[in-house]
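Coordinates as given in entry_2.txt (compact mmCIF, C-alpha atoms):
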# COMPACT_ATOMS: atom_id res chain seq x y z
CA MET Z 1 92.53 112.14 82.07
CA VAL Z 2 93.77 114.22 85.00
CA TYR Z 3 91.16 114.60 87.72
CA THR Z 4 90.87 117.17 90.49
CA ARG Z 5 90.98 116.87 94.26
CA LYS Z 6 88.93 119.65 95.79
CA ASN Z 7 88.81 121.39 99.12
CA GLN Z 8 86.06 119.61 101.05
CA ARG Z 9 84.53 122.99 101.98
CA ASP Z 10 83.89 123.67 98.27
CA LEU Z 11 82.06 120.40 97.51
CA THR Z 12 78.44 120.66 96.45
CA GLY Z 13 75.84 118.68 98.35
CA ALA Z 14 75.76 116.17 95.49
CA GLU Z 15 79.55 115.78 95.57
CA ARG Z 16 79.49 115.16 99.30
CA ARG Z 17 76.79 112.54 98.92
CA LYS Z 18 78.66 110.75 96.13
CA PHE Z 19 81.91 110.62 98.09
CA VAL Z 20 80.16 109.27 101.20
CA ALA Z 21 78.24 106.71 99.12
CA ALA Z 22 81.43 105.40 97.48
CA VAL Z 23 83.19 105.10 100.86
CA LEU Z 24 80.22 103.23 102.33
CA GLU Z 25 80.16 100.88 99.35
CA LEU Z 26 83.89 100.17 99.79
CA LYS Z 27 83.18 99.39 103.44
CA ARG Z 28 80.32 97.07 102.51
CA THR Z 29 82.53 95.00 100.22
CA GLY Z 30 85.27 94.60 102.83
CA ALA Z 31 87.83 96.49 100.74
CA TYR Z 32 87.85 99.44 103.15
CA ASP Z 33 88.95 97.27 106.05
CA ARG Z 34 91.83 95.92 103.97
CA PHE Z 35 93.09 99.51 103.64
CA VAL Z 36 92.84 99.84 107.43
CA ARG Z 37 94.88 96.68 107.83
CA THR Z 38 97.54 97.74 105.32
CA HIS Z 39 98.21 100.87 107.35
CA ILE Z 40 98.34 98.90 110.61
CA ASP Z 41 100.76 96.36 109.17
CA HIS Z 42 103.22 98.99 107.96
CA TYR Z 43 103.60 101.03 111.13
CA THR Z 44 107.10 100.45 112.48
CA ALA Z 45 108.62 102.80 115.05
CA ASP Z 46 112.19 104.01 114.60
CA GLY Z 47 113.81 102.51 117.69
CA GLU Z 48 112.90 98.93 116.89
CA GLY Z 49 115.80 98.04 114.61
CA ARG Z 50 113.47 97.29 111.71
CA ARG Z 51 112.91 98.71 108.25
CA ARG Z 52 110.48 101.62 108.30
CA ILE Z 53 108.35 102.35 105.32
CA ALA Z 54 105.38 104.50 106.32
CA HIS Z 55 106.17 106.57 109.43
CA MET Z 56 109.21 108.15 111.08
CA THR Z 57 110.99 107.76 107.76
CA PRO Z 58 111.75 109.59 104.48
CA SER Z 59 109.19 107.49 102.57
CA PHE Z 60 106.36 108.76 104.84
CA LEU Z 61 105.22 111.10 102.04
CA PRO Z 62 105.49 108.84 98.93
CA TRP Z 63 104.10 105.86 100.88
CA HIS Z 64 100.98 107.81 101.84
CA ARG Z 65 100.69 109.32 98.33
CA LYS Z 66 100.52 105.79 96.91
CA PHE Z 67 98.19 104.65 99.70
CA LEU Z 68 95.78 107.50 98.88
CA LEU Z 69 95.98 106.73 95.16
CA GLU Z 70 95.11 103.09 95.78
CA PHE Z 71 92.12 104.15 97.88
CA GLU Z 72 91.03 106.73 95.33
CA THR Z 73 91.31 104.19 92.51
CA ALA Z 74 89.05 101.84 94.47
CA LEU Z 75 86.53 104.64 95.01
CA ARG Z 76 86.61 105.59 91.31
CA ARG Z 77 85.85 102.01 90.30
CA ILE Z 78 82.61 102.47 92.22
CA ASP Z 79 81.97 106.02 90.99
CA PRO Z 80 84.35 107.49 88.36
CA THR Z 81 83.27 111.04 89.24
CA VAL Z 82 84.59 110.82 92.82
CA SER Z 83 88.00 111.96 94.07
CA VAL Z 84 89.39 112.33 97.61
CA PRO Z 85 88.69 115.85 98.91
CA TYR Z 86 91.18 117.55 101.20
CA TRP Z 87 90.68 119.10 104.63
CA ASP Z 88 92.64 122.32 105.14
CA TRP Z 89 92.78 122.20 108.92
CA THR Z 90 94.49 125.60 109.12
CA ARG Z 91 91.22 127.09 107.87
CA ASP Z 92 88.48 124.69 108.94
CA ASN Z 93 89.86 124.41 112.43
CA SER Z 94 86.92 124.01 114.75
CA PRO Z 95 84.37 121.37 115.77
CA ALA Z 96 81.79 123.68 114.17
CA SER Z 97 83.44 123.48 110.71
CA SER Z 98 81.23 122.19 107.92
CA ILE Z 99 83.40 119.06 107.43
CA TRP Z 100 81.79 117.61 110.58
CA ARG Z 101 78.24 118.08 109.36
CA GLU Z 102 75.70 115.31 109.43
CA ASP Z 103 75.84 114.82 105.64
CA PHE Z 104 79.62 114.38 105.52
CA MET Z 105 82.07 113.22 108.20
CA GLY Z 106 79.65 113.46 111.12
CA GLY Z 107 80.61 115.11 114.40
CA ASN Z 108 82.59 114.65 117.58
CA GLY Z 109 82.34 111.64 119.85
CA ARG Z 110 79.97 111.88 122.78
CA ARG Z 111 81.46 112.54 126.16
CA ALA Z 112 80.75 109.24 127.91
CA ASP Z 113 82.48 106.85 125.48
CA LEU Z 114 83.72 109.07 122.60
CA GLN Z 115 81.28 107.32 120.27
CA VAL Z 116 80.43 109.29 117.12
CA MET Z 117 76.62 109.51 117.05
CA THR Z 118 76.02 111.65 113.96
CA GLY Z 119 76.57 111.28 110.23
CA PRO Z 120 76.99 108.31 107.89
CA PHE Z 121 79.91 106.79 109.82
CA ALA Z 122 78.13 106.57 113.17
CA HIS Z 123 77.83 102.92 114.16
CA SER Z 124 74.18 103.55 115.01
CA ALA Z 125 73.54 104.43 111.34
CA GLY Z 126 74.19 100.75 110.61
CA ARG Z 127 76.87 100.88 107.93
CA TRP Z 128 80.12 101.49 109.80
CA THR Z 129 81.32 98.71 112.08
CA ILE Z 130 84.99 98.75 113.04
CA THR Z 131 86.70 95.38 112.50
CA GLN Z 132 90.45 96.13 112.28
CA SER Z 133 91.34 97.93 115.46
CA MET Z 134 93.54 97.99 118.53
CA THR Z 135 90.56 97.57 120.85
CA ASP Z 136 87.33 95.58 120.90
CA THR Z 137 85.28 98.74 120.28
CA ARG Z 138 83.09 98.41 117.20
CA TYR Z 139 82.12 102.08 116.77
CA LEU Z 140 84.01 105.12 115.46
CA THR Z 141 85.41 107.35 118.21
CA ARG Z 142 86.59 110.98 118.23
CA ASP Z 143 87.73 113.37 120.94
CA PHE Z 144 88.12 116.77 119.27
CA GLY Z 145 90.82 118.92 120.83
CA ARG Z 146 91.32 116.55 123.80
CA PRO Z 147 89.31 118.61 126.35
CA ARG Z 148 91.16 117.13 129.35
CA ASP Z 149 94.41 118.70 128.05
CA PRO Z 150 93.36 120.99 125.20
CA ILE Z 151 95.30 121.09 121.93
CA ALA Z 152 94.58 123.21 118.83
CA LEU Z 153 94.93 122.33 115.16
CA PRO Z 154 98.08 123.55 113.35
CA THR Z 155 97.97 127.17 112.20
CA ALA Z 156 98.75 128.68 108.80
CA ALA Z 157 101.84 130.32 110.36
CA GLN Z 158 103.10 126.94 111.55
CA LEU Z 159 102.56 125.49 108.09
CA ASP Z 160 104.45 128.44 106.53
CA GLU Z 161 107.40 127.53 108.71
CA VAL Z 162 107.36 124.00 107.30
CA MET Z 163 107.27 125.40 103.76
CA ARG Z 164 110.52 127.27 104.40
CA GLU Z 165 112.50 124.02 104.57
CA ARG Z 166 114.68 123.66 101.49
CA VAL Z 167 115.83 120.02 101.69
CA TYR Z 168 113.51 117.01 101.43
CA ASP Z 169 114.89 115.10 104.42
CA ALA Z 170 118.01 114.82 106.55
CA ALA Z 171 119.97 112.27 108.58
CA PRO Z 172 119.27 110.40 110.76
CA TRP Z 173 116.17 109.97 108.55
CA ASN Z 174 113.78 109.35 111.45
CA SER Z 175 111.60 111.08 114.05
CA THR Z 176 114.63 112.94 115.41
CA SER Z 177 115.63 114.61 112.10
CA ALA Z 178 116.00 118.24 113.18
CA THR Z 179 115.80 119.67 109.66
CA GLY Z 180 114.23 118.70 106.38
CA PHE Z 181 110.73 119.09 104.96
CA ARG Z 182 109.57 115.51 105.63
CA ASN Z 183 109.88 115.52 109.41
CA ALA Z 184 108.72 119.14 109.67
CA LEU Z 185 105.50 118.05 107.93
CA GLU Z 186 105.20 114.65 109.61
CA GLY Z 187 105.57 116.52 112.89
CA TRP Z 188 107.87 114.72 115.32
CA ALA Z 189 109.46 117.16 117.75
CA SER Z 190 111.19 117.13 121.08
CA GLY Z 191 110.12 119.53 123.78
CA ARG Z 192 107.36 119.57 126.29
CA GLY Z 193 103.60 119.28 126.35
CA ASN Z 194 101.68 119.91 123.17
CA ASP Z 195 104.73 121.34 121.41
CA ARG Z 196 105.75 117.75 120.75
CA PHE Z 197 102.79 117.28 118.40
CA ARG Z 198 103.24 119.19 115.18
CA ILE Z 199 101.45 119.53 111.84
CA HIS Z 200 100.46 116.01 110.59
CA ASN Z 201 100.86 114.33 113.99
CA ARG Z 202 99.00 117.14 115.73
CA VAL Z 203 95.93 116.66 113.51
CA HIS Z 204 95.77 112.97 114.46
CA ARG Z 205 95.99 114.06 118.12
CA TRP Z 206 93.34 116.77 117.69
CA VAL Z 207 90.74 114.44 116.14
CA GLY Z 208 91.55 111.81 118.77
CA GLY Z 209 89.73 108.54 119.28
CA LEU Z 210 90.61 106.05 116.55
CA MET Z 211 92.63 108.69 114.66
CA LEU Z 212 95.21 108.60 117.46
CA GLY Z 213 96.29 105.00 117.07
CA GLY Z 214 97.16 102.24 114.68
CA GLY Z 215 93.58 102.01 113.45
CA SER Z 216 93.42 105.64 112.29
CA VAL Z 217 92.23 104.69 108.79
CA ASN Z 218 88.94 103.56 110.39
CA ASP Z 219 88.03 107.24 110.51
CA PRO Z 220 87.30 108.38 106.93
CA VAL Z 221 88.67 111.81 107.79
CA PHE Z 222 92.07 110.10 107.65
CA TRP Z 223 91.91 110.36 103.84
CA LEU Z 224 90.92 114.03 103.84
CA HIS Z 225 93.72 114.80 106.28
CA HIS Z 226 96.30 112.95 104.23
CA ALA Z 227 95.06 114.51 100.98
CA PHE Z 228 95.93 117.90 102.52
CA VAL Z 229 99.33 116.61 103.69
CA ASP Z 230 99.87 115.47 100.10
CA LEU Z 231 98.76 118.88 98.78
CA VAL Z 232 101.29 120.60 101.06
CA TRP Z 233 104.02 118.31 99.74
CA SER Z 234 102.89 119.01 96.16
CA ARG Z 235 103.06 122.80 96.73
CA TRP Z 236 106.50 122.41 98.32
CA GLN Z 237 107.68 120.43 95.30
CA GLN Z 238 106.52 123.26 93.02
CA ARG Z 239 108.48 125.79 95.07
CA ASN Z 240 111.56 123.57 95.22
CA PRO Z 241 111.81 121.91 91.81
CA GLY Z 242 115.42 120.88 92.39
CA ALA Z 243 114.80 119.24 95.77
CA ALA Z 244 114.88 115.50 95.08
CA TYR Z 245 113.89 112.68 97.38
CA LEU Z 246 116.54 111.86 99.97
CA PRO Z 247 118.34 109.65 100.72
CA ALA Z 248 119.39 109.09 97.12
CA GLU Z 249 121.29 105.92 97.99
CA PRO Z 250 120.70 103.34 100.73
CA PRO Z 251 122.64 104.17 103.91
CA PRO Z 252 125.81 102.03 103.84
CA LEU Z 253 126.79 99.18 106.11
CA GLY Z 254 127.93 100.71 109.39
CA ASP Z 255 125.34 103.51 109.22
CA ALA Z 256 122.71 103.28 111.97
CA GLN Z 257 120.03 103.48 109.26
CA TYR Z 258 121.50 100.67 107.15
CA ARG Z 259 118.52 98.70 105.77
CA LYS Z 260 116.13 100.78 107.91
CA VAL Z 261 114.94 103.34 105.34
CA VAL Z 262 113.93 103.38 101.68
CA ALA Z 263 116.25 105.18 99.27
CA ARG Z 264 115.13 106.96 96.10
CA HIS Z 265 115.04 103.92 93.80
CA GLU Z 266 114.13 101.17 96.27
CA PRO Z 267 110.70 99.51 96.31
CA MET Z 268 108.10 100.26 98.98
CA ALA Z 269 105.88 97.49 100.34
CA PRO Z 270 103.24 96.42 99.70
CA TRP Z 271 103.13 97.83 96.16
CA GLY Z 272 106.76 97.66 95.07
CA VAL Z 273 106.75 101.26 93.77
CA THR Z 274 109.76 103.50 94.43
CA PRO Z 275 109.74 106.94 96.08
CA VAL Z 276 110.99 108.55 92.87
CA SER Z 277 108.08 107.06 90.91
CA MET Z 278 105.66 108.81 93.28
CA PHE Z 279 107.28 112.21 92.96
CA ASP Z 280 105.21 113.60 90.08
CA HIS Z 281 101.42 113.23 90.32
CA SER Z 282 100.59 115.84 87.65
CA ARG Z 283 99.51 113.28 85.06
CA ILE Z 284 97.09 111.60 87.50
CA TYR Z 285 95.46 114.31 89.64
CA ARG Z 286 95.73 117.98 90.49
CA TYR Z 287 94.67 120.09 93.46
CA ALA Z 288 92.09 122.83 93.20
CA MET A 1 86.59 133.18 133.19
CA ILE A 2 86.78 130.11 131.03
CA VAL A 3 90.47 129.40 131.42
CA PRO A 4 90.70 129.62 135.23
CA ARG A 5 87.63 127.41 135.50
CA ARG A 6 89.16 124.85 133.15
CA VAL A 7 92.43 124.91 135.05
CA ALA A 8 90.53 124.50 138.29
CA LEU A 9 88.56 121.56 136.91
CA ARG A 10 91.71 119.95 135.63
CA SER A 11 93.36 120.32 139.02
CA LEU A 12 90.32 118.81 140.69
CA PHE A 13 90.45 115.92 138.24
CA ALA A 14 94.15 115.41 138.91
CA LEU A 15 93.46 115.41 142.64
CA ALA A 16 90.69 112.88 142.20
CA VAL A 17 92.89 110.63 140.08
CA THR A 18 95.70 110.89 142.59
CA ALA A 19 93.34 110.11 145.43
CA PHE A 20 91.90 107.16 143.57
CA THR A 21 95.11 105.61 142.30
CA GLY A 22 97.70 107.00 144.67
CA GLY A 23 97.93 103.90 146.78
CA ALA A 24 98.42 101.69 143.77
CA LEU A 25 100.95 104.05 142.18
CA GLY A 26 102.97 103.90 145.35
CA ARG A 27 103.28 100.17 145.02
CA VAL A 28 105.21 99.95 141.80
CA ALA A 29 106.41 96.40 141.79
CA SER A 30 109.84 95.53 142.97
CA ARG A 31 109.33 91.81 143.16
CA PRO A 32 112.68 90.11 143.23
CA GLU A 33 113.36 87.38 140.70
CA PRO A 34 113.99 83.90 142.08
CA GLY A 35 117.73 84.47 141.57
CA GLY A 36 117.58 87.61 143.65
CA THR A 37 117.99 90.17 140.83
CA ARG A 38 115.20 92.67 140.30
CA ASP A 39 113.53 92.74 136.87
CA PRO A 40 114.33 96.23 135.55
CA HIS A 41 111.05 96.35 133.62
CA ALA A 42 108.81 95.15 136.45
CA PHE A 43 105.77 97.10 137.52
CA ASP A 44 102.41 96.05 138.86
CA GLU A 45 99.81 98.71 139.49
CA VAL A 46 96.17 99.59 139.10
CA TYR A 47 95.71 102.73 137.02
CA ARG A 48 92.22 104.07 136.26
CA GLY A 49 90.85 100.70 137.23
CA ARG A 50 93.18 98.78 134.91
CA ARG A 51 95.79 96.27 136.01
CA LEU A 52 99.13 97.20 134.45
CA LEU A 53 101.78 94.51 134.60
CA GLY A 54 105.28 95.13 133.27
CA PHE A 55 108.14 92.66 132.94
CA SER A 56 111.10 91.74 130.74
CA GLY A 57 110.30 89.74 127.62
CA PRO A 58 112.34 86.80 126.32
CA GLY A 59 114.86 89.16 124.68
CA GLY A 60 115.07 91.42 127.72
CA GLU A 61 112.71 93.95 126.11
CA PRO A 62 110.05 95.68 128.20
CA THR A 63 106.73 93.88 127.93
CA VAL A 64 103.38 94.96 129.32
CA LEU A 65 99.92 93.53 129.92
CA VAL A 66 96.79 95.65 130.45
CA ASP A 67 94.14 93.58 132.25
CA GLY A 68 96.02 90.56 130.93
CA TRP A 69 96.07 91.73 127.29
CA PRO A 70 99.46 92.44 125.69
CA LEU A 71 100.14 96.01 124.61
CA HIS A 72 102.94 96.44 122.08
CA LEU A 73 105.57 98.91 123.29
CA MET A 74 107.14 100.44 120.19
CA ARG A 75 110.61 101.79 120.80
CA CYS A 76 111.38 105.23 119.33
CA ALA A 77 114.70 106.72 118.27
CA ASP A 78 114.38 109.37 121.01
CA GLY A 79 114.57 106.55 123.58
CA GLY A 80 110.86 106.68 124.38
CA TYR A 81 107.92 104.43 123.57
CA VAL A 82 104.68 104.74 121.65
CA THR A 83 101.86 102.20 121.66
CA PRO A 84 99.27 101.07 119.09
CA ILE A 85 96.65 103.06 121.04
CA ASP A 86 98.58 106.35 120.89
CA HIS A 87 101.01 106.48 117.99
CA TYR A 88 101.98 110.11 118.38
CA GLU A 89 103.17 110.62 121.93
CA SER A 90 106.61 109.22 122.67
CA CYS A 91 106.66 108.55 126.42
CA PRO A 92 109.91 108.30 128.38
CA THR A 93 109.23 104.92 130.01
CA PRO A 94 107.19 101.76 129.32
CA LEU A 95 104.98 102.59 132.31
CA ALA A 96 104.31 106.14 131.08
CA ALA A 97 103.45 104.82 127.60
CA THR A 98 101.11 102.23 129.12
CA ARG A 99 99.35 104.84 131.24
CA ALA A 100 99.02 107.09 128.17
CA ALA A 101 97.37 104.21 126.32
CA VAL A 102 94.98 103.58 129.23
CA ASP A 103 94.11 107.29 129.25
CA GLU A 104 92.78 106.80 125.71
CA LEU A 105 91.19 103.38 126.15
CA GLY A 106 88.02 104.45 127.93
CA THR A 107 86.05 101.32 128.69
CA ALA A 108 87.46 99.32 125.76
CA ARG A 109 89.73 96.34 126.12
CA LEU A 110 92.74 95.70 123.92
CA SER A 111 92.39 93.55 120.81
CA PRO A 112 94.92 90.94 119.67
CA LEU A 113 96.23 93.47 117.10
CA ALA A 114 97.40 95.74 119.91
CA GLY A 115 99.79 93.16 121.23
CA ALA A 116 101.10 91.36 118.17
CA HIS A 117 104.76 91.73 117.38
CA GLY A 118 105.79 91.55 113.74
CA VAL A 119 108.65 89.56 112.35
CA PRO A 120 110.60 91.48 109.70
CA THR A 121 110.55 88.91 106.94
CA ASP A 122 109.69 91.24 104.07
CA PRO A 123 112.77 93.14 102.86
CA THR A 124 110.61 95.93 101.44
CA GLY A 125 109.27 96.81 104.86
CA GLY A 126 105.94 95.10 105.26
CA SER A 127 104.73 92.55 107.75
CA PRO A 128 103.41 89.81 105.49
CA ARG A 129 102.19 87.80 108.44
CA GLY A 130 99.80 90.63 109.02
CA VAL A 131 101.03 91.29 112.52
CA HIS A 132 101.44 94.76 113.87
CA ALA A 133 104.96 96.09 113.68
As structure tokens, the full file:
Amino acid sequence: MVYTRKNQRDLTGAERRKFVAAVLELKRTGAYDRFVRTHIDHYTADGEGRRRIAHMTPSFLPWHRKFLLEFETALRRIDPTVSVPYWDWTRDNSPASSIWREDFMGGNGRRADLQVMTGPFAHSAGRWTITQSMTDTRYLTRDFGRPRDPIALPTAAQLDEVMRERVYDAAPWNSTSATGFRNALEGWASGRGNDRFRIHNRVHRWVGGLMLGGGSVNDPVFWLHHAFVDLVWSRWQQRNPGAAYLPAEPPPLGDAQYRKVVARHEPMAPWGVTPVSMFDHSRIYRYA
Amino acid sequence: MIVPRRVALRSLFALAVTAFTGGALGRVASRPEPGGTRDPHAFDEVYRGRRLLGFSGPGGEPTVLVDGWPLHLMRCADGGYVTPIDHYESCPTPLAATRAAVDELGTARLSPLAGAHGVPTDPTGGSPRGVHA
């Protein structure tokens, strides 16, 4: 039975409550923190001479599609009526947007220590203690728009530009790929100042706090952000039905990316699924 | 007049930071090694109240401690570095990446996860030891 992922702004109050309750239950059992750790353990940068599976790499999109599906499956074991909503940050692009309300994601961090003080994921509410993190801080942090050097969320026009790419990815298959849909959406760019942060990366920067680093999954908005990234990929696939995952074959011996990236039919850790097997989600979920 | 005020505040902040840390920033370490050669990755400064110590690791790679806690410098294809605290800003040098991490740290200290270096033993791209890549 195909289920629907909805825009978070269209959820009813009951739907919001059910999603939050399922996330809190996953946290209580310890399963949520294992998702945090999975993401931490698979972040490899592209100058380290190691195989990259989740970031700065062609499999960025299928890896996160599978990661979201695993999370959503865990949520649906708790409540089969729940799915992961998406956050269209081109539209809901301010700290005043309803996504940050007290009954959903909660708001910005406070000025003194960036601690989130509102909503179900505030540490002070008693059900959200950070355990897998790059610092000893036990509370969720956010720093909307980085006031000390302000940055805005990506615009619809910027996203349109990404949608004009016609090829899935391009050599050298990393953060310096100048063309290709994957890096345009992931958002690595040269240049100066805030221009270096684009689309997906820029949203992590805009939310700030824990969303900026290796422990980004500690902020539940991670899932809503990545559901929208996945939606954008899904729409792009519909527009470009002939654009297959690249690279089709593993880069050969002698290529700088030899054994560094995942080709179309190679398995992705930790699940062993291939990029091509993640290409069509239409029999599992759809976007409203 | 929001923008000019913000710019003015930012300039004031920059001045304050410079005044506070300027002396330390001017003393970037150039301690000679016992053999007489200077460690190319050496720095020793106080930035925003944090002790930043840089040196060459066993493989010659840049290594850094923040208040004694290791901070993983992740090399990027553009030649820069990101850290586990800030995954999205590739900084041109290890020192710049360390300062960028401190800018985001607030009053927190680093955890062991921030300094662990993974060993690539899983051919499918994971770090089965559970260490940060």
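If you take only C-alpha atoms and a cut-off of 6 Å, the residues of chain Z that reach chain A are Asp41, His42, Tyr43, Thr44, Ala45, Asp46, Gly47, Glu48, Arg51, Ile53, Met134, Thr135, Asp136, Thr137, Leu212, Gly213, Gly214, Met268 and Ala269 of chain Z.
The closest residue to Z:Gly209, picked from A:Asp103, A:Arg48, A:His72, A:Pro94 and counting all atoms listed in the file, is A:Asp103.
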Neighbour list for A:Ser56 as a short mmCIF file (atom, residue, chain, number, x, y, z; two decimals) with C-alpha atoms, keeping the file's coordinate frame, cut-off 8 Å, only C-alpha atoms, skip fewer than 3 positions in-chain:
data_model
loop_
_atom_site.label_atom_id
_atom_site.label_comp_id
_atom_site.auth_asym_id
_atom_site.auth_seq_id
_atom_site.Cartn_x
_atom_site.Cartn_y
_atom_site.Cartn_z
CA ASP A 39 113.53 92.74 136.87
CA PRO A 40 114.33 96.23 135.55
CA HIS A 41 111.05 96.35 133.62
CA ALA A 42 108.81 95.15 136.45
CA GLY A 59 114.86 89.16 124.68
CA GLY A 60 115.07 91.42 127.72
CA GLU A 61 112.71 93.95 126.11
CA PRO A 62 110.05 95.68 128.20
CA THR A 63 106.73 93.88 127.93
#
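Note that the spacing between atom CA of Z:Ala227 and atom CA of Z:Ala244 amounts to 20.7 Å.
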>> Using Å and a single decimal, report how far atom CA of Z:Phe181 sits from atom CA of Z:Arg166.
In response: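 Taking atom CA of Z:Arg166 and atom CA of Z:Phe181, their separation equals 7.0 Å.
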> Any idea what's packed within 6 Å of Z:Thr4, counting all atoms listed in the file, ignoring anything in its chain fewer than 2 positions away? Could you give it as a ChimeraX atom specification?
Replying inline: /Z:285-287
>> Just the number, please: distance in Å from atom CA of Z:Lys27 to atom CA of Z:Arg127, one decimal.
In response: 7.9 Å
>> Applying 10 Å and all atoms listed in the file, which residues near Z:Lys18 remain after dropping the ones on its own chain fewer than 2 positions away? List them as number ranges by chain.
In response: Z: 12-16, 20-24, 78-79, 81-83
Same residues, C-alpha atoms, output as a PDB file, keeping the file's coordinate frame:
ATOM      1  CA  THR Z  12      78.440 120.660  96.450  1.00  0.00           C
ATOM      2  CA  GLY Z  13      75.840 118.680  98.350  1.00  0.00           C
ATOM      3  CA  ALA Z  14      75.760 116.170  95.490  1.00  0.00           C
ATOM      4  CA  GLU Z  15      79.550 115.780  95.570  1.00  0.00           C
ATOM      5  CA  ARG Z  16      79.490 115.160  99.300  1.00  0.00           C
ATOM      6  CA  VAL Z  20      80.160 109.270 101.200  1.00  0.00           C
ATOM      7  CA  ALA Z  21      78.240 106.710  99.120  1.00  0.00           C
ATOM      8  CA  ALA Z  22      81.430 105.400  97.480  1.00  0.00           C
ATOM      9  CA  VAL Z  23      83.190 105.100 100.860  1.00  0.00           C
ATOM     10  CA  LEU Z  24      80.220 103.230 102.330  1.00  0.00           C
ATOM     11  CA  ILE Z  78      82.610 102.470  92.220  1.00  0.00           C
ATOM     12  CA  ASP Z  79      81.970 106.020  90.990  1.00  0.00           C
ATOM     13  CA  THR Z  81      83.270 111.040  89.240  1.00  0.00           C
ATOM     14  CA  VAL Z  82      84.590 110.820  92.820  1.00  0.00           C
ATOM     15  CA  SER Z  83      88.000 111.960  94.070  1.00  0.00           C
TER      16      SER Z  83
END
> With only C-alpha atoms as the basis for distance, which of Z:Tyr32, Z:Trp206, Z:Phe104, Z:Phe121 is at the shortest distance from Z:Arg148?
Replying inline: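 Of Z:Tyr32, Z:Trp206, Z:Phe104, Z:Phe121, the one nearest Z:Arg148, counting only C-alpha atoms, is Z:Trp206.
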As JSON, please report the centre and edge lengths, rounded to one decimal in Å, of the axis-aligned box that holds all listed atoms of stretch 218-225 of chain Z with 4 Å of padding on each of the six sides.
{"center_x": 90.5, "center_y": 109.2, "center_z": 107.2, "size_x": 14.4, "size_y": 19.2, "size_z": 14.7}
>> Show me, as a ChimeraX atom specification, the residues that have an atom within 7 Å of stretch 219-224 of chain Z when counting all atoms listed in the file, minus same-chain residues fewer than 5 positions from it.
In response: /Z:68,84-87,105,140,210-211
